[in-house]
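Enquirer: Here it is, the structure in full.
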Amino acid sequence: MRQYLLLFLALCIILPRGAFSLEKMLDPEIGEVGLNLIELKLAAEGEKPSAVAHNNLGIAYAAAGKPYEAIAEFEKAHRITPGDAAVAFNLGVAHAGLKNYKAALSCLEEAVSLCPDNAAAIFNIGVIHLDMGLTGDAIGDLERALLLSPAHPLIHYNLAVAYENDKDGLRYGPGFPADKALEHYRMAIDGGLDNVAIRYNIGIIHSKRGDYGMAVAEFSKACEFDPDFLLARRGLALALIHQGKYHRAIRELERSAAASGDTAASPALALAYRKLGSFYLENGDYWRALAQFEKALQHDRDDAVSHLNTGRIHTVLGNYAEALREIKIAGELDPGLGAAQYLARVYFLKGVDFENDGDYRLALAEYKKAVDARQDFALANLVMGELCADKLGKKEEAVKYFRRCLELEPEGSYSRQAAEKISALTGSPGAGK
């Protein structure tokens, strides 16, 4: 009986979203048998070279990182024994390593036709389909391989990735793939395959589901496997942010940025500082909030929310020029953020200050800016009407502002005051209605 050294290719997805890595593995039962390249080459170049000699030389070339030489030897062995499943398998695996998927699938399917219980060949067909984006086919192949080798952790691993890639639930319906992915990742771990990629992928699934406690646990384990794996550390930080653990998230991100110059950590750091700033802002701790928003902007100058909140704080502190600058920047960066209402508030407060100082014309100018910024600002119209009527002697203009206030707010205290003012100015009790 001929003895072949079978090359076993494990195509493992290290990261989600299409980042694939091909890893070559020798069957663990082979050990170091026949891997002396010189001896194998001499045997293959003998007077009557056998398929065994060419096959084993091909494996040696593959192990030495010479895939094209390996394919040449496997093809020689295949010509000598065209019906040998082991040779067809090795040739298919060698082509797969070079992403010659058409040739690889042809050889591997031949190996399966010759040996239907060849779990390794079926597994590699599944992984090739996975790398080609044929998720449904990949799941079918890998499930078939799993029936033949139920405990193999690599099959569980790649099957988990296939289910994770089945984002639209094309095979089993929405919601199902993530459950199956988690199940097979856990079975891969139970089978002895535990690494940074698996823990990271599990963390991603939990994060997408909003299970941030579980996500933190998995990302933490991924970081234990590889402290320099930046994606895991950022995933951990973002999960911590969702838990409201902003200080720890910032520590993780700053550690990542300092250790490796992780520039991609800046948006996440900006988010963490912004969230922490929002926490302080909600609790009225304006100076601490301001410090956090300023740190957020150091990491992301286009963070519209941090600009807006910085402007809001300056408004409260009476720093109107800085407030206007920050709020205007926020509005330019994100027109849908609603910056106009905050601009109107700043202009209105400036108007109040001028009015309190007795500078009524400047006060009116600021109130007008407030109305320009926010067209539905009923209170500003009411105040302008009172200012025109009581301080500036502009009766007709006052009535115009009061009527505008009534249009904007037909019911409520502002409308009642406006109606009373109109009646008083026009001398008609019903004029305000």
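Identifiers for the structure tokens are assigned positionally: chains receive A, B, ... in sequence, residues are indexed from 1 per chain, and ligands are indexed from 1 in the order shown.
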At a cut-off of 12 Å, using only C-alpha atoms, what residues contact Asp190 of chain A? Leave out same-chain residues fewer than 5 positions from it and give the result as a ChimeraX atom specification.

Expert: /A:151-154,156-157,183-185,195,198

Enquirer: Can you list, as a CSV table (one decimal) with N, CA and C atoms, in the first residue's frame, every residue of segment 98-248 of chain A that DSSP puts in helix (DSSP H, G or I)?

Expert:
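Output (out-v1.csv):
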```csv
chain,number,residue,atom,x,y,z
A,101,TYR,N,-8.8,29.1,-7.8
A,101,TYR,CA,-10.0,28.3,-7.3
A,101,TYR,C,-10.6,27.4,-8.3
A,102,LYS,N,-10.6,27.8,-9.5
A,102,LYS,CA,-11.3,26.9,-10.5
A,102,LYS,C,-10.6,25.6,-10.6
A,103,ALA,N,-9.2,25.6,-10.7
A,103,ALA,CA,-8.4,24.4,-10.7
A,103,ALA,C,-8.5,23.6,-9.4
A,104,ALA,N,-8.5,24.4,-8.3
A,104,ALA,CA,-8.6,23.8,-6.9
A,104,ALA,C,-9.9,23.0,-6.8
A,105,LEU,N,-11.0,23.6,-7.1
A,105,LEU,CA,-12.3,23.0,-7.0
A,105,LEU,C,-12.4,21.7,-7.8
A,106,SER,N,-11.8,21.8,-9.0
A,106,SER,CA,-11.9,20.6,-9.9
A,106,SER,C,-11.1,19.5,-9.3
A,107,CYS,N,-10.0,19.7,-8.7
A,107,CYS,CA,-9.2,18.6,-8.1
A,107,CYS,C,-9.8,18.1,-6.8
A,108,LEU,N,-10.3,19.0,-6.0
A,108,LEU,CA,-10.9,18.6,-4.7
A,108,LEU,C,-12.2,17.9,-5.0
A,109,GLU,N,-13.0,18.3,-6.0
A,109,GLU,CA,-14.2,17.6,-6.3
A,109,GLU,C,-13.9,16.2,-6.8
A,110,GLU,N,-12.8,16.1,-7.6
A,110,GLU,CA,-12.3,14.7,-8.0
A,110,GLU,C,-12.0,13.9,-6.8
A,111,ALA,N,-11.3,14.5,-5.8
A,111,ALA,CA,-10.9,13.7,-4.6
A,111,ALA,C,-12.1,13.2,-3.9
A,112,VAL,N,-13.2,14.0,-3.8
A,112,VAL,CA,-14.4,13.6,-3.2
A,112,VAL,C,-15.1,12.6,-4.0
A,113,SER,N,-15.1,12.7,-5.3
A,113,SER,CA,-15.8,11.6,-6.1
A,113,SER,C,-15.1,10.3,-5.9
A,114,LEU,N,-13.8,10.3,-5.7
A,114,LEU,CA,-13.0,9.1,-5.5
A,114,LEU,C,-13.1,8.6,-4.1
A,119,ALA,N,-13.4,14.1,4.4
A,119,ALA,CA,-13.9,15.3,5.1
A,119,ALA,C,-13.0,16.5,4.8
A,120,ALA,N,-11.7,16.2,4.7
A,120,ALA,CA,-10.7,17.3,4.5
A,120,ALA,C,-11.0,18.0,3.1
A,121,ALA,N,-11.3,17.2,2.1
A,121,ALA,CA,-11.5,17.7,0.8
A,121,ALA,C,-12.8,18.5,0.8
A,122,ILE,N,-13.9,18.0,1.4
A,122,ILE,CA,-15.1,18.7,1.5
A,122,ILE,C,-15.0,20.0,2.3
A,123,PHE,N,-14.2,19.9,3.3
A,123,PHE,CA,-13.9,21.1,4.1
A,123,PHE,C,-13.3,22.2,3.3
A,124,ASN,N,-12.2,21.8,2.5
A,124,ASN,CA,-11.5,22.8,1.7
A,124,ASN,C,-12.4,23.4,0.6
A,125,ILE,N,-13.3,22.6,0.1
A,125,ILE,CA,-14.2,23.1,-0.9
A,125,ILE,C,-15.1,24.1,-0.3
A,126,GLY,N,-15.6,23.9,0.9
A,126,GLY,CA,-16.4,24.9,1.6
A,126,GLY,C,-15.7,26.2,1.9
A,127,VAL,N,-14.4,26.1,2.3
A,127,VAL,CA,-13.7,27.3,2.6
A,127,VAL,C,-13.4,28.1,1.3
A,128,ILE,N,-13.1,27.4,0.2
A,128,ILE,CA,-12.9,28.1,-1.0
A,128,ILE,C,-14.2,28.8,-1.4
A,129,HIS,N,-15.3,28.2,-1.3
A,129,HIS,CA,-16.6,28.8,-1.6
A,129,HIS,C,-16.8,30.0,-0.7
A,130,LEU,N,-16.4,29.9,0.6
A,130,LEU,CA,-16.5,31.0,1.5
A,130,LEU,C,-15.7,32.2,1.1
A,131,ASP,N,-14.5,31.9,0.6
A,131,ASP,CA,-13.6,33.0,0.2
A,131,ASP,C,-14.1,33.6,-1.1
A,135,THR,N,-21.6,32.1,0.1
A,135,THR,CA,-21.9,31.8,1.5
A,135,THR,C,-22.8,30.6,1.7
A,136,GLY,N,-23.9,30.5,0.9
A,136,GLY,CA,-24.8,29.4,1.0
A,136,GLY,C,-24.1,28.1,0.7
A,137,ASP,N,-23.4,28.1,-0.4
A,137,ASP,CA,-22.6,26.9,-0.8
A,137,ASP,C,-21.6,26.5,0.3
A,138,ALA,N,-21.0,27.5,0.8
A,138,ALA,CA,-20.0,27.2,1.8
A,138,ALA,C,-20.6,26.5,3.1
A,139,ILE,N,-21.7,27.1,3.5
A,139,ILE,CA,-22.4,26.5,4.6
A,139,ILE,C,-22.8,25.0,4.4
A,140,GLY,N,-23.3,24.8,3.2
A,140,GLY,CA,-23.7,23.4,2.9
A,140,GLY,C,-22.5,22.5,2.9
A,141,ASP,N,-21.4,22.9,2.3
A,141,ASP,CA,-20.1,22.1,2.3
A,141,ASP,C,-19.6,21.8,3.7
A,142,LEU,N,-19.6,22.9,4.5
A,142,LEU,CA,-19.0,22.8,5.8
A,142,LEU,C,-19.9,21.9,6.7
A,143,GLU,N,-21.2,22.0,6.5
A,143,GLU,CA,-22.1,21.2,7.3
A,143,GLU,C,-21.9,19.7,7.0
A,144,ARG,N,-21.7,19.5,5.7
A,144,ARG,CA,-21.4,18.1,5.2
A,144,ARG,C,-20.1,17.6,5.8
A,145,ALA,N,-19.1,18.4,5.8
A,145,ALA,CA,-17.8,18.0,6.4
A,145,ALA,C,-17.9,17.7,7.9
A,146,LEU,N,-18.8,18.5,8.5
A,146,LEU,CA,-19.0,18.4,10.0
A,146,LEU,C,-19.7,17.0,10.3
A,147,LEU,N,-20.5,16.6,9.4
A,147,LEU,CA,-21.1,15.3,9.6
A,147,LEU,C,-20.1,14.2,9.6
A,148,LEU,N,-19.1,14.3,8.8
A,148,LEU,CA,-18.0,13.3,8.8
A,148,LEU,C,-17.0,13.5,9.9
A,153,PRO,N,-12.4,21.3,15.3
A,153,PRO,CA,-12.6,22.7,15.6
A,153,PRO,C,-12.5,23.7,14.4
A,154,LEU,N,-11.6,23.3,13.4
A,154,LEU,CA,-11.4,24.2,12.3
A,154,LEU,C,-12.7,24.2,11.4
A,155,ILE,N,-13.4,23.1,11.4
A,155,ILE,CA,-14.7,23.1,10.6
A,155,ILE,C,-15.7,24.0,11.4
A,156,HIS,N,-15.8,23.8,12.7
A,156,HIS,CA,-16.7,24.7,13.4
A,156,HIS,C,-16.3,26.2,13.3
A,157,TYR,N,-15.0,26.4,13.3
A,157,TYR,CA,-14.6,27.8,13.2
A,157,TYR,C,-15.0,28.4,11.8
A,158,ASN,N,-14.7,27.7,10.7
A,158,ASN,CA,-15.1,28.3,9.4
A,158,ASN,C,-16.6,28.3,9.2
A,159,LEU,N,-17.3,27.3,9.8
A,159,LEU,CA,-18.7,27.3,9.7
A,159,LEU,C,-19.3,28.5,10.4
A,160,ALA,N,-18.7,28.8,11.6
A,160,ALA,CA,-19.2,30.0,12.3
A,160,ALA,C,-19.0,31.3,11.4
A,161,VAL,N,-17.9,31.4,10.8
A,161,VAL,CA,-17.6,32.5,9.9
A,161,VAL,C,-18.6,32.6,8.8
A,162,ALA,N,-18.9,31.4,8.2
A,162,ALA,CA,-19.8,31.4,7.1
A,162,ALA,C,-21.2,31.9,7.5
A,163,TYR,N,-21.7,31.4,8.7
A,163,TYR,CA,-22.9,31.9,9.2
A,163,TYR,C,-22.9,33.4,9.5
A,164,GLU,N,-21.8,33.9,10.0
A,164,GLU,CA,-21.6,35.3,10.3
A,164,GLU,C,-21.7,36.1,9.0
A,165,ASN,N,-21.1,35.5,7.9
A,165,ASN,CA,-21.2,36.2,6.6
A,165,ASN,C,-22.5,36.2,6.0
A,176,PHE,N,-31.1,34.1,12.4
A,176,PHE,CA,-30.6,32.8,12.6
A,176,PHE,C,-29.1,32.7,12.5
A,177,PRO,N,-28.5,33.3,11.5
A,177,PRO,CA,-27.0,33.2,11.3
A,177,PRO,C,-26.2,33.5,12.5
A,178,ALA,N,-26.5,34.6,13.2
A,178,ALA,CA,-25.7,35.0,14.4
A,178,ALA,C,-25.8,33.9,15.5
A,179,ASP,N,-26.9,33.4,15.7
A,179,ASP,CA,-27.1,32.3,16.7
A,179,ASP,C,-26.2,31.1,16.3
A,180,LYS,N,-26.2,30.7,15.1
A,180,LYS,CA,-25.4,29.6,14.6
A,180,LYS,C,-23.9,29.9,14.7
A,181,ALA,N,-23.6,31.1,14.3
A,181,ALA,CA,-22.2,31.5,14.4
A,181,ALA,C,-21.6,31.4,15.8
A,182,LEU,N,-22.4,31.9,16.8
A,182,LEU,CA,-22.0,31.8,18.2
A,182,LEU,C,-21.8,30.4,18.6
A,183,GLU,N,-22.8,29.6,18.2
A,183,GLU,CA,-22.8,28.1,18.5
A,183,GLU,C,-21.5,27.5,18.1
A,184,HIS,N,-21.1,27.7,16.8
A,184,HIS,CA,-20.0,27.0,16.2
A,184,HIS,C,-18.7,27.6,16.8
A,185,TYR,N,-18.6,28.9,17.0
A,185,TYR,CA,-17.4,29.5,17.7
A,185,TYR,C,-17.2,28.8,19.0
A,186,ARG,N,-18.3,28.6,19.8
A,186,ARG,CA,-18.1,28.0,21.1
A,186,ARG,C,-17.7,26.6,21.0
A,187,MET,N,-18.2,25.9,20.0
A,187,MET,CA,-17.8,24.5,19.8
A,187,MET,C,-16.3,24.4,19.3
A,188,ALA,N,-15.9,25.4,18.5
A,188,ALA,CA,-14.5,25.4,18.2
A,188,ALA,C,-13.6,25.6,19.4
A,189,ILE,N,-14.0,26.5,20.3
A,189,ILE,CA,-13.3,26.7,21.6
A,189,ILE,C,-13.3,25.4,22.4
A,190,ASP,N,-14.5,24.8,22.5
A,190,ASP,CA,-14.6,23.5,23.2
A,190,ASP,C,-13.7,22.4,22.6
A,196,VAL,N,-7.3,34.7,19.2
A,196,VAL,CA,-7.7,36.1,19.2
A,196,VAL,C,-8.8,36.3,18.2
A,197,ALA,N,-8.7,35.6,17.0
A,197,ALA,CA,-9.7,35.8,16.0
A,197,ALA,C,-11.1,35.4,16.5
A,198,ILE,N,-11.2,34.2,17.1
A,198,ILE,CA,-12.5,33.7,17.5
A,198,ILE,C,-13.1,34.6,18.6
A,199,ARG,N,-12.3,35.0,19.6
A,199,ARG,CA,-12.8,35.9,20.6
A,199,ARG,C,-13.2,37.3,20.1
A,200,TYR,N,-12.4,37.8,19.1
A,200,TYR,CA,-12.8,39.0,18.5
A,200,TYR,C,-14.1,38.9,17.8
A,201,ASN,N,-14.3,37.8,17.0
A,201,ASN,CA,-15.5,37.7,16.2
A,201,ASN,C,-16.7,37.5,17.1
A,202,ILE,N,-16.6,36.8,18.2
A,202,ILE,CA,-17.7,36.6,19.2
A,202,ILE,C,-18.0,38.0,19.8
A,203,GLY,N,-17.0,38.8,20.1
A,203,GLY,CA,-17.2,40.1,20.7
A,203,GLY,C,-18.0,41.0,19.7
A,204,ILE,N,-17.7,40.9,18.4
A,204,ILE,CA,-18.4,41.7,17.4
A,204,ILE,C,-19.9,41.3,17.4
A,205,ILE,N,-20.2,40.0,17.4
A,205,ILE,CA,-21.6,39.6,17.4
A,205,ILE,C,-22.3,40.1,18.6
A,206,HIS,N,-21.7,40.0,19.8
A,206,HIS,CA,-22.4,40.5,21.0
A,206,HIS,C,-22.6,42.0,20.9
A,207,SER,N,-21.6,42.7,20.4
A,207,SER,CA,-21.7,44.2,20.2
A,207,SER,C,-22.9,44.5,19.3
A,208,LYS,N,-23.0,43.8,18.2
A,208,LYS,CA,-24.1,44.1,17.3
A,208,LYS,C,-25.5,43.9,17.9
A,209,ARG,N,-25.5,42.9,18.8
A,209,ARG,CA,-26.8,42.6,19.5
A,209,ARG,C,-27.0,43.5,20.7
A,212,TYR,N,-23.4,44.2,25.6
A,212,TYR,CA,-22.1,44.8,25.7
A,212,TYR,C,-21.3,44.2,26.9
A,213,GLY,N,-22.0,43.7,27.9
A,213,GLY,CA,-21.2,43.0,28.9
A,213,GLY,C,-20.5,41.7,28.4
A,214,MET,N,-21.2,40.9,27.6
A,214,MET,CA,-20.6,39.8,26.9
A,214,MET,C,-19.5,40.2,25.9
A,215,ALA,N,-19.7,41.3,25.2
A,215,ALA,CA,-18.8,41.8,24.3
A,215,ALA,C,-17.5,42.2,25.0
A,216,VAL,N,-17.6,42.9,26.1
A,216,VAL,CA,-16.4,43.3,26.9
A,216,VAL,C,-15.6,42.1,27.3
A,217,ALA,N,-16.3,41.1,27.8
A,217,ALA,CA,-15.6,39.8,28.2
A,217,ALA,C,-14.8,39.2,27.0
A,218,GLU,N,-15.4,39.1,25.8
A,218,GLU,CA,-14.8,38.5,24.7
A,218,GLU,C,-13.6,39.4,24.2
A,219,PHE,N,-13.9,40.7,24.0
A,219,PHE,CA,-12.8,41.5,23.6
A,219,PHE,C,-11.6,41.5,24.5
A,220,SER,N,-11.9,41.4,25.8
A,220,SER,CA,-10.8,41.4,26.8
A,220,SER,C,-10.0,40.1,26.6
A,221,LYS,N,-10.7,39.0,26.4
A,221,LYS,CA,-9.9,37.8,26.1
A,221,LYS,C,-9.1,37.9,24.8
A,222,ALA,N,-9.7,38.5,23.8
A,222,ALA,CA,-8.9,38.7,22.6
A,222,ALA,C,-7.6,39.5,22.9
A,223,CYS,N,-7.8,40.5,23.7
A,223,CYS,CA,-6.6,41.4,24.0
A,223,CYS,C,-5.6,40.6,24.9
A,224,GLU,N,-6.0,39.6,25.6
A,224,GLU,CA,-5.1,38.8,26.4
A,224,GLU,C,-4.3,37.9,25.4
A,225,PHE,N,-5.0,37.4,24.4
A,225,PHE,CA,-4.2,36.6,23.4
A,225,PHE,C,-3.2,37.5,22.6
A,230,LEU,N,-5.2,45.8,17.6
A,230,LEU,CA,-5.8,47.1,17.8
A,230,LEU,C,-7.4,47.0,17.6
A,231,LEU,N,-7.8,46.2,16.7
A,231,LEU,CA,-9.3,46.1,16.5
A,231,LEU,C,-10.0,45.6,17.7
A,232,ALA,N,-9.3,44.6,18.4
A,232,ALA,CA,-9.9,44.1,19.6
A,232,ALA,C,-10.0,45.2,20.7
A,233,ARG,N,-8.9,45.9,20.8
A,233,ARG,CA,-8.9,46.9,21.8
A,233,ARG,C,-9.9,48.1,21.5
A,234,ARG,N,-10.0,48.4,20.3
A,234,ARG,CA,-11.1,49.4,20.0
A,234,ARG,C,-12.5,48.9,20.2
A,235,GLY,N,-12.7,47.6,19.8
A,235,GLY,CA,-13.9,47.0,20.1
A,235,GLY,C,-14.3,46.9,21.6
A,236,LEU,N,-13.3,46.7,22.4
A,236,LEU,CA,-13.4,46.7,23.8
A,236,LEU,C,-13.8,48.1,24.3
A,237,ALA,N,-13.1,49.1,23.8
A,237,ALA,CA,-13.4,50.4,24.2
A,237,ALA,C,-14.8,50.9,23.9
A,238,LEU,N,-15.2,50.5,22.7
A,238,LEU,CA,-16.6,50.9,22.2
A,238,LEU,C,-17.7,50.2,23.0
A,239,ALA,N,-17.4,49.0,23.4
A,239,ALA,CA,-18.4,48.3,24.2
A,239,ALA,C,-18.4,48.9,25.6
A,240,LEU,N,-17.3,49.3,26.1
A,240,LEU,CA,-17.2,50.0,27.4
A,240,LEU,C,-18.0,51.4,27.4
A,241,ILE,N,-17.8,52.1,26.3
A,241,ILE,CA,-18.6,53.3,26.1
A,241,ILE,C,-20.1,53.1,26.2
A,242,HIS,N,-20.5,52.0,25.5
A,242,HIS,CA,-22.0,51.7,25.6
A,242,HIS,C,-22.4,51.4,27.0
A,246,TYR,N,-16.7,55.2,30.6
A,246,TYR,CA,-16.0,56.1,29.7
A,246,TYR,C,-14.5,56.2,30.1
A,247,HIS,N,-14.2,56.3,31.4
A,247,HIS,CA,-12.8,56.4,31.8
A,247,HIS,C,-12.0,55.2,31.4
A,248,ARG,N,-12.6,54.0,31.6
A,248,ARG,CA,-11.8,52.8,31.3
A,248,ARG,C,-11.7,52.7,29.7
```

Enquirer: Could you tell me how far atom CA of Ile422 of chain A lies from atom CA of Asp359 of chain A, in Å and to one decimal?

Expert: 24.2 Å

Enquirer: For Ile329 of chain A, which of A:Ala370, A:Val352, A:Cys115, A:Ala304 is the closest residue, counting only C-alpha atoms?

Expert: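 Of all the options, A:Ala304 lies closest to Ile329 of chain A.
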
Enquirer: Between atom CA of Ala418 of chain A and atom CA of Phe348 of chain A, what is the distance in Å, rounded to a tenth?

Expert: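 Between atom CA of Ala418 of chain A and atom CA of Phe348 of chain A the gap works out to 18.1 Å.
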
Enquirer: Tell me, as an mmCIF file with N, CA and C atoms, in the first residue's frame, which residues lie within 9 Å of Arg312 of chain A, counting only C-alpha atoms; anything in the same chain fewer than 2 positions away does not count.

Expert:
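That gives us result_8.cif:
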```cif
data_model
loop_
_atom_site.group_PDB
_atom_site.id
_atom_site.type_symbol
_atom_site.label_atom_id
_atom_site.label_comp_id
_atom_site.auth_asym_id
_atom_site.auth_seq_id
_atom_site.Cartn_x
_atom_site.Cartn_y
_atom_site.Cartn_z
ATOM 1 N N HIS A 307 -18.618 70.103 18.994
ATOM 2 C CA HIS A 307 -18.659 71.551 18.726
ATOM 3 C C HIS A 307 -19.947 72.159 19.275
ATOM 4 N N LEU A 308 -21.064 71.490 19.015
ATOM 5 C CA LEU A 308 -22.352 72.005 19.475
ATOM 6 C C LEU A 308 -22.404 72.084 20.996
ATOM 7 N N ASN A 309 -21.980 71.015 21.658
ATOM 8 C CA ASN A 309 -22.032 71.010 23.120
ATOM 9 C C ASN A 309 -21.059 72.001 23.741
ATOM 10 N N THR A 310 -19.918 72.192 23.078
ATOM 11 C CA THR A 310 -18.990 73.231 23.536
ATOM 12 C C THR A 310 -19.673 74.598 23.456
ATOM 13 N N HIS A 314 -20.541 77.268 26.518
ATOM 14 C CA HIS A 314 -20.131 78.684 26.480
ATOM 15 C C HIS A 314 -21.341 79.611 26.583
ATOM 16 N N THR A 315 -22.479 79.161 26.063
ATOM 17 C CA THR A 315 -23.710 79.955 26.198
ATOM 18 C C THR A 315 -24.084 80.102 27.666
ATOM 19 N N VAL A 316 -24.060 78.995 28.382
ATOM 20 C CA VAL A 316 -24.393 79.017 29.813
ATOM 21 C C VAL A 316 -23.404 79.883 30.585
ATOM 22 N N LEU A 317 -22.137 79.826 30.176
ATOM 23 C CA LEU A 317 -21.095 80.583 30.874
ATOM 24 C C LEU A 317 -21.048 82.044 30.455
ATOM 25 N N ALA A 323 -19.426 80.798 21.942
ATOM 26 C CA ALA A 323 -20.607 79.966 21.729
ATOM 27 C C ALA A 323 -21.076 80.030 20.285
ATOM 28 N N GLU A 326 -18.627 78.092 17.889
ATOM 29 C CA GLU A 326 -18.724 76.633 17.968
ATOM 30 C C GLU A 326 -20.039 76.116 17.391
ATOM 31 N N ILE A 327 -21.128 76.812 17.679
ATOM 32 C CA ILE A 327 -22.436 76.352 17.184
ATOM 33 C C ILE A 327 -22.520 76.486 15.667
ATOM 34 N N TYR A 342 -29.972 76.607 18.908
ATOM 35 C CA TYR A 342 -28.964 77.025 19.887
ATOM 36 C C TYR A 342 -28.374 78.382 19.503
ATOM 37 N N VAL A 346 -28.461 81.926 21.790
ATOM 38 C CA VAL A 346 -27.323 82.816 22.077
ATOM 39 C C VAL A 346 -27.682 84.258 21.719
#
```

Enquirer: Atom CA of Tyr273 of chain A and atom CA of Phe293 of chain A, how far apart in Å?

Expert: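 One can read the atom CA of Phe293 of chain A to atom CA of Tyr273 of chain A distance as 6.3 Å.
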
Enquirer: Restricting the calculation to only C-alpha atoms: of A:Ile313, A:Val399, A:Ala373, A:Leu290, which residue gets closest to Gly385 of chain A?

Expert: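 Checking each of A:Ile313, A:Val399, A:Ala373, A:Leu290 against Gly385 of chain A, counting only C-alpha atoms, the winner is A:Val399.
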
Enquirer: Just checking: using only C-alpha atoms, which residue out of A:Lys328, A:Lys275, A:Lys76, A:Lys421 ends up closest to Asn56 of chain A?

Expert: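 Distance minimum relative to Asn56 of chain A lands on A:Lys76.
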
Enquirer: Skipping near chain neighbours, those fewer than 6 positions away, what residues fall within 12 Å of Leu392 of chain A using only C-alpha atoms, listed as a PyMOL selection string?

Expert: chain A and resi 355+358-364+384-386+398

Enquirer: If we count only C-alpha atoms and set the cut-off at 9 Å, which residues sit around Arg404 of chain A, ignoring sequence neighbours fewer than 6 positions away in its own chain? Please answer as a list of chain:residue names.

Expert: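 Everything that qualifies: A:Ala378, A:Asn381, A:Leu382.
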
Enquirer: Check the smallest atom-to-atom distance from each of A:Phe229, A:Asp166, A:Pro116, A:Gly336 to Leu134 of chain A using only C-alpha atoms, then report the winner.

Expert: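 Closest to Leu134 of chain A, using only C-alpha atoms: A:Asp166.
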
Enquirer: Between A:Leu297, A:Asp303, A:Lys395, A:Phe74, which one has atoms that come closest to Gly331 of chain A, using only C-alpha atoms?

Expert: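 Between A:Leu297, A:Asp303, A:Lys395, A:Phe74, the residue approaching Gly331 of chain A most closely is A:Asp303.
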